[in-house]
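Next comes input_2.cif, a file with mmCIF, C-alpha atoms and all ligand atoms.
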```
data_my_file
loop_
_atom_site.label_atom_id
_atom_site.label_comp_id
_atom_site.auth_asym_id
_atom_site.auth_seq_id
_atom_site.Cartn_x
_atom_site.Cartn_y
_atom_site.Cartn_z
CA MET W 1 -42.08 -5.22 -9.86
CA ASP W 2 -43.94 -8.19 -8.44
CA PRO W 3 -44.72 -7.06 -4.84
CA HIS W 4 -43.83 -10.55 -3.57
CA LEU W 5 -40.23 -9.86 -4.57
CA LEU W 6 -39.97 -6.60 -2.61
CA PRO W 7 -38.51 -8.18 0.59
CA PHE W 8 -35.72 -9.69 -1.54
CA ALA W 9 -35.02 -6.40 -3.34
CA GLU W 10 -34.72 -4.61 0.01
CA ARG W 11 -32.02 -6.94 1.33
CA GLN W 12 -28.36 -5.95 1.45
CA ALA W 13 -25.60 -7.97 -0.20
CA PRO W 14 -21.92 -7.58 -1.16
CA ARG W 15 -21.01 -6.72 -4.74
CA TYR W 16 -18.67 -9.72 -4.92
CA THR W 17 -15.79 -8.05 -6.68
CA SER W 18 -13.69 -10.28 -4.41
CA TYR W 19 -14.28 -13.20 -2.10
CA PRO W 20 -14.28 -12.61 0.75
CA SER W 21 -15.45 -9.01 0.41
CA ALA W 22 -12.96 -6.33 1.39
CA ASN W 23 -14.81 -5.56 4.64
CA HIS W 24 -13.47 -8.91 5.89
CA PHE W 25 -9.84 -7.98 5.33
CA ASP W 26 -7.82 -7.50 8.51
CA ALA W 27 -4.35 -6.60 9.74
CA SER W 28 -3.10 -10.20 9.57
CA VAL W 29 -1.64 -9.39 6.13
CA ASP W 30 1.30 -7.01 6.49
CA ALA W 31 4.23 -5.80 4.40
CA GLU W 32 6.29 -8.92 5.13
CA ILE W 33 3.56 -11.32 4.03
CA TYR W 34 2.92 -9.21 0.91
CA ARG W 35 6.65 -9.32 0.08
CA ARG W 36 6.59 -13.11 0.38
CA TRP W 37 3.49 -13.35 -1.85
CA LEU W 38 5.09 -11.07 -4.47
CA GLY W 39 8.25 -13.20 -4.53
CA ALA W 40 6.20 -16.37 -4.99
CA VAL W 41 4.43 -15.15 -8.16
CA ASP W 42 5.45 -17.53 -10.95
CA ASP W 43 7.62 -15.88 -13.61
CA THR W 44 5.29 -17.11 -16.39
CA THR W 45 2.40 -15.09 -14.92
CA ASN W 46 0.76 -12.37 -16.98
CA LEU W 47 0.31 -9.51 -14.55
CA SER W 48 -2.46 -6.98 -14.34
CA LEU W 49 -1.42 -3.64 -12.85
CA TYR W 50 -3.95 -1.37 -11.16
CA LEU W 51 -2.90 2.24 -10.48
CA HIS W 52 -5.12 4.13 -8.05
CA VAL W 53 -5.00 7.92 -8.38
CA PRO W 54 -6.75 9.05 -5.19
CA TYR W 55 -7.36 12.69 -6.11
CA CYS W 56 -10.34 14.53 -7.58
CA ARG W 57 -10.87 18.19 -8.44
CA GLN W 58 -14.34 18.08 -6.85
CA LEU W 59 -15.88 15.50 -4.55
CA CYS W 60 -19.22 14.21 -5.83
CA TRP W 61 -21.75 13.54 -3.09
CA TYR W 62 -22.76 10.10 -4.35
CA CYS W 63 -19.22 8.74 -4.66
CA GLY W 64 -18.20 5.65 -2.68
CA CYS W 65 -14.53 5.66 -3.74
CA ASN W 66 -11.47 6.42 -1.63
CA THR W 67 -10.74 9.93 -2.92
CA PHE W 68 -9.34 13.23 -1.69
CA LEU W 69 -9.66 16.78 -2.97
CA THR W 70 -6.48 17.89 -4.71
CA ARG W 71 -4.94 21.22 -3.81
CA GLY W 72 -2.93 21.10 -7.05
CA GLY W 73 0.61 21.07 -5.67
CA ASP W 74 0.20 17.62 -4.09
CA ILE W 75 0.00 15.71 -7.40
CA GLY W 76 3.74 15.98 -8.12
CA ASP W 77 4.57 14.38 -4.75
CA PHE W 78 2.03 11.64 -5.43
CA VAL W 79 3.66 10.80 -8.78
CA THR W 80 7.10 10.58 -7.15
CA THR W 81 5.80 8.29 -4.39
CA LEU W 82 3.87 6.11 -6.84
CA MET W 83 7.05 5.53 -8.86
CA MET W 84 8.93 4.69 -5.64
CA GLU W 85 6.21 2.16 -4.82
CA ILE W 86 6.59 0.64 -8.29
CA ASP W 87 10.35 0.31 -7.56
CA LEU W 88 9.65 -1.44 -4.24
CA VAL W 89 7.06 -3.85 -5.63
CA ALA W 90 8.91 -4.65 -8.86
CA SER W 91 12.08 -5.45 -6.87
CA ALA W 92 10.13 -8.00 -4.82
CA LEU W 93 8.05 -9.50 -7.66
CA GLY W 94 8.80 -12.88 -9.18
CA ALA W 95 7.20 -12.00 -12.54
CA ARG W 96 7.77 -9.28 -15.17
CA THR W 97 5.21 -9.72 -17.95
CA VAL W 98 2.34 -7.23 -17.92
CA ALA W 99 -0.82 -7.99 -19.91
CA GLU W 100 -3.08 -5.32 -18.48
CA VAL W 101 -2.79 -1.83 -16.99
CA HIS W 102 -5.83 -0.13 -15.47
CA TRP W 103 -5.92 3.42 -14.07
CA GLY W 104 -8.72 4.13 -11.60
CA GLY W 105 -9.47 6.45 -8.76
CA GLY W 106 -10.33 9.10 -7.95
CA THR W 107 -9.66 10.86 -11.22
CA PRO W 108 -6.65 9.63 -13.20
CA ASN W 109 -6.92 12.72 -15.41
CA VAL W 110 -5.86 14.97 -12.56
CA LEU W 111 -2.40 13.86 -13.72
CA SER W 112 -0.93 16.09 -16.42
CA ALA W 113 0.06 14.51 -19.73
CA ALA W 114 3.72 14.68 -18.67
CA GLU W 115 3.01 13.06 -15.28
CA PHE W 116 0.96 10.29 -16.86
CA LEU W 117 3.66 9.52 -19.43
CA ARG W 118 6.37 9.58 -16.76
CA ILE W 119 4.61 6.79 -14.88
CA VAL W 120 3.99 4.83 -18.08
CA HIS W 121 7.70 5.03 -18.92
CA HIS W 122 8.52 3.87 -15.39
CA ILE W 123 6.31 0.81 -15.88
CA ASP W 124 8.05 0.18 -19.23
CA PHE W 125 11.39 0.38 -17.44
CA TRP W 126 10.52 -2.30 -14.87
CA PHE W 127 8.21 -4.63 -16.77
CA ASP W 128 7.94 -6.50 -20.07
CA VAL W 129 4.76 -4.99 -21.39
CA ARG W 130 3.04 -7.29 -23.89
CA ALA W 131 2.44 -5.99 -27.41
CA ASP W 132 -1.27 -6.78 -26.99
CA LEU W 133 -1.45 -4.90 -23.65
CA ARG W 134 -4.98 -4.03 -22.52
CA HIS W 135 -4.55 -0.46 -21.27
CA ALA W 136 -7.57 1.35 -19.80
CA VAL W 137 -8.08 4.69 -18.04
CA GLU W 138 -11.08 5.96 -16.08
CA LEU W 139 -11.73 9.63 -16.84
CA ASP W 140 -13.76 12.52 -15.54
CA PRO W 141 -15.15 14.00 -18.78
CA ARG W 142 -15.10 17.51 -17.29
CA TYR W 143 -11.30 17.52 -17.32
CA VAL W 144 -10.39 15.85 -20.60
CA THR W 145 -8.09 17.98 -22.77
CA THR W 146 -6.65 17.56 -26.26
CA GLU W 147 -3.18 17.23 -24.76
CA LEU W 148 -4.29 14.47 -22.38
CA ALA W 149 -6.13 12.63 -25.16
CA HIS W 150 -2.97 12.58 -27.28
CA ALA W 151 -0.89 11.43 -24.30
CA TYR W 152 -3.25 8.48 -23.73
CA ALA W 153 -3.09 7.57 -27.42
CA ALA W 154 0.72 7.81 -27.39
CA ALA W 155 0.85 5.53 -24.33
CA GLY W 156 -1.19 2.85 -26.11
CA VAL W 157 -4.36 3.30 -24.09
CA GLY W 158 -6.99 1.15 -25.77
CA ARG W 159 -10.08 2.01 -23.77
CA VAL W 160 -11.25 5.00 -21.76
CA SER W 161 -14.22 4.99 -19.35
CA LEU W 162 -16.14 8.18 -18.82
CA GLY W 163 -17.98 8.75 -15.55
CA VAL W 164 -21.38 10.17 -16.54
CA GLN W 165 -24.06 8.67 -14.22
CA ASP W 166 -27.00 10.78 -15.49
CA PHE W 167 -27.52 13.59 -18.01
CA ASN W 168 -30.46 15.37 -16.36
CA ALA W 169 -29.70 18.69 -14.67
CA HIS W 170 -32.04 18.16 -11.67
CA VAL W 171 -30.51 14.71 -10.96
CA GLN W 172 -26.97 16.03 -11.38
CA GLU W 173 -27.73 18.81 -8.90
CA ALA W 174 -29.22 16.34 -6.41
CA MET W 175 -26.17 14.07 -6.60
CA GLY W 176 -23.58 16.86 -6.45
CA ARG W 177 -22.00 16.59 -9.89
CA VAL W 178 -23.01 18.88 -12.75
CA GLN W 179 -21.75 18.10 -16.26
CA PRO W 180 -23.96 18.96 -19.23
CA PHE W 181 -24.25 16.51 -22.13
CA GLU W 182 -22.47 18.95 -24.46
CA GLN W 183 -19.40 18.86 -22.19
CA VAL W 184 -19.28 15.06 -22.26
CA ARG W 185 -19.81 15.04 -26.05
CA GLU W 186 -16.88 17.44 -26.45
CA SER W 187 -14.65 15.12 -24.35
CA VAL W 188 -15.62 12.21 -26.57
CA ARG W 189 -14.77 14.26 -29.66
CA MET W 190 -11.30 15.10 -28.28
CA LEU W 191 -10.62 11.45 -27.39
CA ARG W 192 -11.79 10.17 -30.78
CA ASP W 193 -9.83 12.84 -32.67
CA ALA W 194 -6.73 11.57 -30.87
CA GLY W 195 -7.46 8.04 -32.08
CA LEU W 196 -9.11 6.62 -28.96
CA GLU W 197 -12.05 4.79 -30.48
CA THR W 198 -13.05 2.43 -27.68
CA ILE W 199 -15.04 4.37 -25.16
CA SER W 200 -17.08 3.15 -22.18
CA VAL W 201 -19.71 5.20 -20.41
CA ASP W 202 -20.72 4.67 -16.77
CA LEU W 203 -24.36 5.37 -15.90
CA MET W 204 -26.33 4.93 -12.69
CA TYR W 205 -29.87 4.17 -11.63
CA GLY W 206 -31.36 4.71 -8.18
CA LEU W 207 -30.04 8.30 -7.99
CA PRO W 208 -31.79 11.06 -6.03
CA ARG W 209 -34.74 12.61 -7.92
CA GLN W 210 -34.09 10.26 -10.84
CA THR W 211 -37.21 8.89 -12.53
CA ALA W 212 -37.51 6.12 -15.09
CA GLY W 213 -37.98 8.85 -17.73
CA ASP W 214 -34.73 10.54 -16.64
CA LEU W 215 -32.87 7.26 -16.90
CA ALA W 216 -34.32 6.59 -20.36
CA ARG W 217 -33.19 10.04 -21.52
CA SER W 218 -29.68 9.45 -20.13
CA ILE W 219 -29.46 6.13 -21.96
CA ARG W 220 -30.59 7.69 -25.24
CA LEU W 221 -28.01 10.47 -24.93
CA ALA W 222 -25.27 8.03 -23.90
CA ALA W 223 -26.03 5.89 -26.97
CA GLU W 224 -25.61 8.99 -29.18
CA LEU W 225 -21.95 8.99 -28.11
CA LYS W 226 -21.63 5.47 -29.59
CA PRO W 227 -19.70 3.87 -26.72
CA SER W 228 -18.71 0.24 -27.23
CA ARG W 229 -19.60 -0.48 -23.62
CA ILE W 230 -22.02 0.95 -21.04
CA ALA W 231 -21.88 0.09 -17.35
CA LEU W 232 -25.06 0.70 -15.37
CA PHE W 233 -24.53 0.65 -11.62
CA GLY W 234 -27.17 0.92 -8.93
CA TYR W 235 -26.40 3.88 -6.66
CA ALA W 236 -25.34 2.50 -3.26
CA HIS W 237 -26.51 4.83 -0.50
CA VAL W 238 -24.29 3.98 2.48
CA PRO W 239 -23.94 7.29 4.40
CA TRP W 240 -22.83 5.45 7.57
CA PHE W 241 -19.79 4.39 5.55
CA LYS W 242 -19.33 7.36 3.18
CA ARG W 243 -19.93 10.59 5.06
CA ARG W 244 -20.20 12.76 1.93
CA GLN W 245 -23.37 10.87 0.97
CA ARG W 246 -25.08 12.62 3.90
CA LEU W 247 -25.37 15.60 1.53
CA ILE W 248 -27.84 13.56 -0.51
CA ASP W 249 -31.48 13.84 0.46
CA ALA W 250 -32.39 10.24 1.32
CA LYS W 251 -36.09 11.08 0.86
CA ALA W 252 -35.39 11.85 -2.82
CA LEU W 253 -34.06 8.34 -3.50
CA PRO W 254 -36.16 5.85 -5.45
CA GLY W 255 -37.42 2.89 -3.38
CA ALA W 256 -36.48 -0.74 -3.94
CA SER W 257 -39.37 -1.38 -6.31
CA GLU W 258 -38.59 1.71 -8.43
CA ARG W 259 -34.91 0.74 -8.52
CA PHE W 260 -35.84 -2.70 -9.81
CA ASP W 261 -38.08 -1.22 -12.49
CA GLN W 262 -35.40 1.31 -13.50
CA ALA W 263 -32.80 -1.44 -13.91
CA GLU W 264 -35.23 -3.53 -15.97
CA LEU W 265 -36.17 -0.58 -18.19
CA ALA W 266 -32.48 0.18 -18.75
CA ARG W 267 -31.72 -3.43 -19.63
CA ARG W 268 -34.54 -3.57 -22.19
CA MET W 269 -33.57 -0.21 -23.72
CA LEU W 270 -29.89 -1.07 -23.97
CA ASN W 271 -30.65 -4.47 -25.50
CA ASP W 272 -32.92 -2.75 -28.07
CA LEU W 273 -30.11 -0.30 -28.85
CA GLY W 274 -27.81 -3.23 -29.69
CA TYR W 275 -25.96 -3.62 -26.40
CA LEU W 276 -25.72 -7.17 -25.08
CA SER W 277 -26.22 -7.77 -21.35
CA ILE W 278 -22.93 -8.79 -19.75
CA GLY W 279 -23.00 -10.00 -16.16
CA LEU W 280 -25.06 -8.04 -13.72
CA ASP W 281 -24.51 -4.46 -14.80
CA HIS W 282 -22.51 -4.20 -18.04
CA PHE W 283 -23.70 -3.85 -21.65
CA ALA W 284 -21.48 -4.18 -24.68
CA ARG W 285 -21.56 -4.17 -28.47
CA SER W 286 -21.03 -7.64 -29.87
CA HIS W 287 -17.47 -6.79 -31.04
CA ASP W 288 -16.38 -5.56 -27.58
CA PRO W 289 -13.89 -7.89 -25.79
CA LEU W 290 -16.33 -8.12 -22.88
CA ALA W 291 -19.04 -9.54 -25.17
CA THR W 292 -16.51 -11.99 -26.64
CA ALA W 293 -15.49 -13.09 -23.13
CA ALA W 294 -19.15 -13.61 -22.15
CA ARG W 295 -19.73 -15.70 -25.29
CA GLU W 296 -16.62 -17.80 -24.65
CA GLY W 297 -17.29 -18.24 -20.93
CA THR W 298 -14.11 -16.39 -19.91
CA LEU W 299 -15.75 -13.41 -18.22
CA ARG W 300 -14.28 -12.57 -14.81
CA ARG W 301 -15.27 -10.26 -11.99
CA ASN W 302 -12.69 -8.32 -10.00
CA PHE W 303 -12.26 -4.92 -8.36
CA GLN W 304 -12.61 -3.24 -11.77
CA GLY W 305 -16.01 -4.91 -12.26
CA TYR W 306 -16.43 -7.33 -15.17
CA VAL W 307 -13.29 -7.97 -17.21
CA PRO W 308 -12.36 -10.33 -20.05
CA ALA W 309 -10.31 -13.30 -18.75
CA ALA W 310 -7.67 -11.15 -17.17
CA SER W 311 -4.72 -12.24 -15.13
CA GLU W 312 -5.70 -13.66 -11.76
CA THR W 313 -2.71 -11.77 -10.37
CA VAL W 314 -3.48 -8.09 -9.91
CA ILE W 315 -0.88 -5.77 -8.41
CA GLY W 316 -2.34 -2.57 -6.97
CA PHE W 317 -0.42 0.69 -6.54
CA GLY W 318 -1.45 3.86 -4.72
CA PRO W 319 -3.38 4.50 -1.50
CA SER W 320 -6.10 1.89 -0.76
CA ALA W 321 -5.27 -0.14 -3.91
CA ILE W 322 -5.91 -3.86 -3.56
CA SER W 323 -3.61 -6.56 -4.91
CA HIS W 324 -4.85 -10.07 -5.64
CA LEU W 325 -2.13 -12.69 -5.61
CA PRO W 326 -2.16 -16.49 -5.45
CA GLY W 327 -1.59 -16.14 -1.68
CA GLY W 328 -4.51 -13.78 -1.12
CA TYR W 329 -5.53 -10.14 -1.06
CA ALA W 330 -3.35 -7.27 0.18
CA GLN W 331 -4.69 -3.74 0.53
CA ASN W 332 -2.55 -0.62 0.70
CA ILE W 333 -2.85 1.98 3.46
CA SER W 334 -5.81 4.23 2.63
CA THR W 335 -4.59 7.66 3.64
CA ILE W 336 -2.17 9.42 1.31
CA GLY W 337 0.17 10.67 4.07
CA ALA W 338 0.60 7.27 5.77
CA TRP W 339 0.98 5.53 2.38
CA ARG W 340 3.73 7.99 1.40
CA HIS W 341 5.43 7.66 4.79
CA ALA W 342 5.63 3.86 4.41
CA VAL W 343 6.98 4.04 0.84
CA GLU W 344 9.59 6.64 1.83
CA ALA W 345 10.71 4.26 4.59
CA ASP W 346 11.22 1.55 1.91
CA THR W 347 8.30 -0.46 3.28
CA LEU W 348 5.61 -2.05 1.11
CA PRO W 349 2.62 0.15 2.11
CA VAL W 350 0.21 -2.66 2.99
CA SER W 351 -2.13 -2.38 5.97
CA ARG W 352 -4.60 -5.25 5.65
CA GLY W 353 -5.74 -8.17 3.57
CA HIS W 354 -6.77 -11.78 3.62
CA ALA W 355 -4.79 -14.98 3.06
CA VAL W 356 -7.01 -17.29 1.02
CA ASN W 357 -7.40 -20.94 1.98
CA ALA W 358 -8.80 -23.88 0.02
CA GLU W 359 -12.32 -23.21 1.33
CA ASP W 360 -12.14 -19.58 0.17
CA LEU W 361 -11.02 -20.70 -3.29
CA ARG W 362 -13.87 -23.20 -3.53
CA ARG W 363 -16.56 -20.75 -2.45
CA GLY W 364 -14.96 -17.91 -4.43
CA SER W 365 -15.12 -20.00 -7.63
CA VAL W 366 -18.80 -20.80 -7.07
CA ILE W 367 -19.59 -17.12 -6.44
CA GLN W 368 -17.54 -16.06 -9.47
CA SER W 369 -19.56 -18.43 -11.67
CA ILE W 370 -22.87 -17.14 -10.28
CA MET W 371 -21.89 -13.50 -10.81
CA CYS W 372 -20.47 -14.04 -14.32
CA ASN W 373 -22.53 -16.89 -15.81
CA PHE W 374 -25.71 -16.91 -13.65
CA GLU W 375 -25.27 -20.65 -13.22
CA VAL W 376 -22.98 -23.10 -11.53
CA ASP W 377 -22.58 -26.86 -11.50
CA LEU W 378 -21.56 -27.77 -7.95
CA SER W 379 -20.48 -31.29 -8.89
CA ALA W 380 -17.05 -29.75 -9.66
CA TRP W 381 -16.89 -28.71 -5.98
CA GLY W 382 -18.28 -31.81 -4.32
CA GLY W 383 -22.01 -31.14 -4.82
CA TRP W 384 -24.56 -29.79 -2.33
CA ASP W 385 -23.11 -31.96 0.46
CA MET W 386 -20.26 -29.45 0.61
CA PHE W 387 -22.69 -26.50 0.84
CA PRO W 388 -25.61 -27.70 2.99
CA GLU W 389 -26.26 -24.25 4.51
CA ALA W 390 -26.42 -22.70 1.02
CA HIS W 391 -29.07 -25.19 -0.01
CA ALA W 392 -31.18 -24.23 3.00
CA GLU W 393 -30.64 -20.48 2.50
CA LEU W 394 -31.64 -20.70 -1.14
CA ARG W 395 -34.99 -22.33 -0.40
CA PRO W 396 -36.97 -19.04 -0.14
CA LEU W 397 -35.34 -17.80 -3.35
CA VAL W 398 -36.25 -21.04 -5.12
CA GLU W 399 -39.86 -20.70 -3.91
CA ALA W 400 -39.94 -17.11 -5.21
CA GLY W 401 -38.70 -18.24 -8.64
CA LEU W 402 -35.40 -16.37 -8.31
CA VAL W 403 -33.23 -19.44 -8.72
CA GLU W 404 -33.73 -22.97 -10.08
CA ILE W 405 -32.00 -26.07 -8.75
CA HIS W 406 -31.54 -29.13 -10.94
CA GLY W 407 -29.50 -31.83 -9.23
CA ASP W 408 -26.10 -30.36 -8.41
CA ALA W 409 -26.61 -27.41 -10.73
CA LEU W 410 -28.32 -24.11 -10.13
CA CYS W 411 -29.24 -21.37 -12.54
CA ILE W 412 -30.77 -17.93 -12.26
CA PRO W 413 -33.57 -17.28 -14.80
CA PRO W 414 -32.99 -14.18 -16.99
CA ALA W 415 -35.84 -12.27 -15.30
CA ALA W 416 -34.27 -12.83 -11.85
CA ARG W 417 -30.68 -11.81 -12.61
CA GLN W 418 -30.92 -8.63 -10.56
CA PHE W 419 -31.06 -10.91 -7.51
CA SER W 420 -27.77 -12.69 -8.30
CA ARG W 421 -25.96 -11.12 -5.35
CA LEU W 422 -28.47 -12.75 -2.98
CA VAL W 423 -27.88 -16.13 -4.62
CA ALA W 424 -24.12 -15.66 -4.33
CA MET W 425 -24.48 -14.67 -0.66
CA ALA W 426 -25.90 -18.11 0.14
CA PHE W 427 -22.39 -19.49 -0.54
CA ASP W 428 -20.61 -16.81 1.46
CA ALA W 429 -19.14 -18.15 4.68
CA TYR W 430 -18.22 -14.65 5.94
CA ASP W 431 -21.21 -12.46 5.15
CA GLN W 432 -24.56 -12.93 6.68
CA PRO W 433 -27.50 -10.68 5.80
CA SER W 434 -27.05 -7.37 7.60
CA PRO W 435 -28.86 -4.04 7.24
CA LEU W 436 -25.69 -1.92 7.41
CA ALA W 437 -22.72 -3.82 6.00
CA HIS W 438 -23.56 -3.51 2.30
CA SER W 439 -25.60 -1.74 -0.33
CA ARG W 440 -29.00 -2.95 -1.60
CA ALA W 441 -28.87 -6.22 -3.51
CA VAL W 442 -30.88 -4.67 -6.39
S1 LIG W 501 -17.31 10.16 -8.70
FE1 LIG W 501 -15.29 10.28 -9.63
S2 LIG W 501 -14.86 12.50 -9.72
FE2 LIG W 501 -16.54 12.24 -8.29
S3 LIG W 501 -15.56 12.08 -6.26
FE3 LIG W 501 -15.84 10.00 -7.04
S4 LIG W 501 -13.95 9.47 -8.05
FE4 LIG W 501 -13.99 11.71 -7.80
#
```
Let me see the file written as C-alpha cells.
Amino acid sequence: MDPHLLPFAERQAPRYTSYPSANHFDASVDAEIYRRWLGAVDDTTNLSLYLHVPYCRQLCWYCGCNTFLTRGGDIGDFVTTLMMEIDLVASALGARTVAEVHWGGGTPNVLSAAEFLRIVHHIDFWFDVRADLRHAVELDPRYVTTELAHAYAAAGVGRVSLGVQDFNAHVQEAMGRVQPFEQVRESVRMLRDAGLETISVDLMYGLPRQTAGDLARSIRLAAELKPSRIALFGYAHVPWFKRRQRLIDAKALPGASERFDQAELARRMLNDLGYLSIGLDHFARSHDPLATAAREGTLRRNFQGYVPAASETVIGFGPSAISHLPGGYAQNISTIGAWRHAVEADTLPVSRGHAVNAEDLRRGSVIQSIMCNFEVDLSAWGGWDMFPEAHAELRPLVEAGLVEIHGDALCIPPAARQFSRLVAMAFDAYDQPSPLAHSRAV
C-alpha cells in the first residue's frame, strides 16, 4: 500500500447499508408510527421480507450481529412469536405481494425443518408470493443436515449463503469459530444433492493471525466449492460495541496497510478465478443475478449487503430486525424477551427508527450511487451547490487520487474503490469522522 494512503485507510466510516446509518435511529419512531407507515404502503408494491433468527448454537468471537445462545427449548417459543408478529404486521400492511424473502441472523438453521416450513406456510397464508420469488437463507455450515437441505428446496429457496470466513485452523482458533474445510464441503454436497445449486460463501480479511497467504488459501478452497457468489468482508473490530470481540487478541490483528493489501490480493485472485467485482465487497460469476444487476445498473445496497434491484420496501421480523418503508426506517426491539412481550400484547415490537425527509432521500441516493456504481452525477440533485461541505471534505481525497471530480460528476478510480466509504461519508449530514462510532473504512 502506498504509505501516503495510510491515514485514509485508518479512518472510520459507516458501511452505508442505510442512510442515515442505524446508529442515528432514535425512539421518535414507535409502534404507532410504524403502523401508519405499514398502512400507507401502496398495494402495487413488491415487498421484501427479512426474517431475523436471533439464535446461534455457539457465539463466535468476531461476530457483530445481534445474536443469543440458544438453550434448545427456546426456539419453539420464538417460532410462535414470529408467526404472531407476521399476523400483526400483515394485518396492518397495505400491500400483499412478496418478491423476496431473506432469512438472516443469527443462524436460521437453528430452526428445524418442520419449524422452517411452518413459518414459510404462514407467509404463504398471509401474502401473495410471486412465482419468481427470490428466496435466500444464511446458513452455518456446521449445522446443515440432509433434512434441512430438502426442506429449503421444498420451500423454493433459490440461494443459500454459507458463513465460512477463513479455512485456516490457526485463524479459526483465533477468531473463535472452528470448522474444517471438509465439514463445509460436506454441507455443500448435502445442499447440492437436495437441488440447491446457487451457493454463496462469505469470507473475511483482517482476521486475527490471518496473513495474505492464509487468505489466498481460503479463497482457493472456497473456489473449489464452486459458489456462484463470494462476499469478502473486512473484519470490523469494535469491542467497545460488541463485548464478545474482547476475546480476540487485538495485537494479532493485521494493521490498516496489511488489510488494504489483503483486500487487493483477494480482489485480484477472485477476478482471476472468474468472479467479477460487484460493489465494494462482493464477487460473482457472470451469470449470477448480482452480476446482471451490476451490468444493468440496478444494483442496490441494503441491510443484506448488495442485492439485485430489490423492493425498496423491506419488512423486518424478529428481534432487532429493521424495516425500510417509504416513510423511513423502523427497528424492532433487540432483546428477545421484550420483543416477545410486545408481540404478545398485540403491539408492533418497534423501539426506534428514523423518519426520512427530502434531504435524507437526496443524500441517500447520492451515497447509494457511490457505494453501488463508484460514481455519481450530482446534476440530478442540484449540483455541488447543494453539497458545498462535501466538495470541501473531498479535497484531500481528490489530492490523494482517491476520487476524481469532473464538473458535477465524481468517480472513484478502480484502484481506489476500497476508500468508497470515505467518499460517501463526505455526503453524510449525520456522521462526522469519529474514532469509535464505526469500523475501519478499509
Ligand atoms: S458468526 Fe454467525 S454463527 Fe457465529 S455468532 Fe455470529 S451469527 Fe452466530
Legend entry - Point (-9.8, -4.9, -12.4) neighbourhood (8 Å, only C-alpha atoms) written as JSON, numbers by chain: {"W": [48, 50, 102, 301, 302, 303, 304, 305, 306, 307, 314]}
Inset, instruction - Could you report the residues within 12 Å of ligand LIG 501 (chain W), using all atoms listed in the file, as a ChimeraX atom specification? - result: /W:52-70,103-110,138-143,161-166,172,175-179,202-204,235,242,244-245
Legend entry - Selection near Ala415 (chain W), 10 Å with only C-alpha atoms, sequence-local residues under 2 positions removed, as a ChimeraX atom specification: /W:264,401-402,412-413,417-419
Legend entry - Nearest to Asp408 (chain W), chosen from W:Arg352, W:Arg134, W:His391, W:Arg421, with all atoms listed in the file counted in the distances: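 With all atoms listed in the file as the atom set, the closest residue is W:His391.
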Legend entry - Option closest in space to His341 (chain W), from W:Gln210, W:Phe387, W:Pro319, W:Pro180 [counting all atoms listed in the file]: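 Ranked by minimum distance to His341 (chain W), first place goes to W:Pro319.
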Legend entry - From W:Trp339, W:Trp240, W:Trp37, W:Phe283, residue lying nearest Ile219 (chain W) [all atoms listed in the file]: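 The closest residue to Ile219 (chain W) is W:Phe283.
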Inset, instruction - Determine, counting only C-alpha atoms, which protein, DNA and RNA residues have an atom within 10 Å of an atom of Leu215 (chain W); residues of the same chain fewer than 3 positions away are not included. Present the result as a PyMOL selection string. - result: chain W and resi 165-168+171+203-207+210-212+218-221+262-263+265-266
Inset, instruction - Fewer than 4 positions away in the same chain doesn't count, so skip those; otherwise give me all residues within 12 Å of Ala291 (chain W), counting only C-alpha atoms, as a PyMOL selection string. - result: chain W and resi 228-230+274-279+282-287+295-300+306-309+372
File of the preceding selection, C-alpha atoms, as a tab-separated table (two decimals), in the frame of the given file:
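File written: result-v4.tsv
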```tsv
chain	number	residue	atom	x	y	z
W	228	SER	CA	-18.71	0.24	-27.23
W	229	ARG	CA	-19.60	-0.48	-23.62
W	230	ILE	CA	-22.02	0.95	-21.04
W	274	GLY	CA	-27.81	-3.23	-29.69
W	275	TYR	CA	-25.96	-3.62	-26.40
W	276	LEU	CA	-25.72	-7.17	-25.08
W	277	SER	CA	-26.22	-7.77	-21.35
W	278	ILE	CA	-22.93	-8.79	-19.75
W	279	GLY	CA	-23.00	-10.00	-16.16
W	282	HIS	CA	-22.51	-4.20	-18.04
W	283	PHE	CA	-23.70	-3.85	-21.65
W	284	ALA	CA	-21.48	-4.18	-24.68
W	285	ARG	CA	-21.56	-4.17	-28.47
W	286	SER	CA	-21.03	-7.64	-29.87
W	287	HIS	CA	-17.47	-6.79	-31.04
W	295	ARG	CA	-19.73	-15.70	-25.29
W	296	GLU	CA	-16.62	-17.80	-24.65
W	297	GLY	CA	-17.29	-18.24	-20.93
W	298	THR	CA	-14.11	-16.39	-19.91
W	299	LEU	CA	-15.75	-13.41	-18.22
W	300	ARG	CA	-14.28	-12.57	-14.81
W	306	TYR	CA	-16.43	-7.33	-15.17
W	307	VAL	CA	-13.29	-7.97	-17.21
W	308	PRO	CA	-12.36	-10.33	-20.05
W	309	ALA	CA	-10.31	-13.30	-18.75
W	372	CYS	CA	-20.47	-14.04	-14.32
```
Inset, instruction - Give as a ChimeraX atom specification the set of residues within 9 Å of the point (-34.1, -6.6, -0.4), where distances use the file's coordinates and all atoms listed in the file. - result: /W:5-13,256,419,422,440-442
What are the closest atom pairs, with distances in Å to one decimal, for each residue of region 344-401 of chain W lying within 8 Å of region 84-91 of chain W, using only C-alpha atoms, rows by chain and rising residue number, as a Markdown table?
```
| residue | atom | partner | partner_atom | distance |
| --- | --- | --- | --- | --- |
| W:Glu344 | CA | W:Met84 | CA | 7.7 |
| W:Asp346 | CA | W:Leu88 | CA | 7.0 |
| W:Thr347 | CA | W:Leu88 | CA | 7.7 |
| W:Leu348 | CA | W:Leu88 | CA | 6.7 |
```
Inset, instruction - May I ask which of the residues W:His150, W:Ala429, W:His406, W:Thr97 is the closest one to Asp132 (chain W), counting only C-alpha atoms? - result: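 Between W:His150, W:Ala429, W:His406, W:Thr97, the residue approaching Asp132 (chain W) most closely is W:Thr97.
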Inset, instruction - Measure the distance from CA of Ala149 (chain W) to CA of Ala194 (chain W) in Å and round it to one decimal. - result: 5.8 Å
Go ahead and fit an axis-aligned box to every listed atom of region 350-354 of chain W plus 8 Å each side, and pass me the centre and edge lengths in Å, one decimal, as JSON.
```
{"center_x": -3.3, "center_y": -7.1, "center_z": 4.5, "size_x": 23.0, "size_y": 25.4, "size_z": 19.0}
```
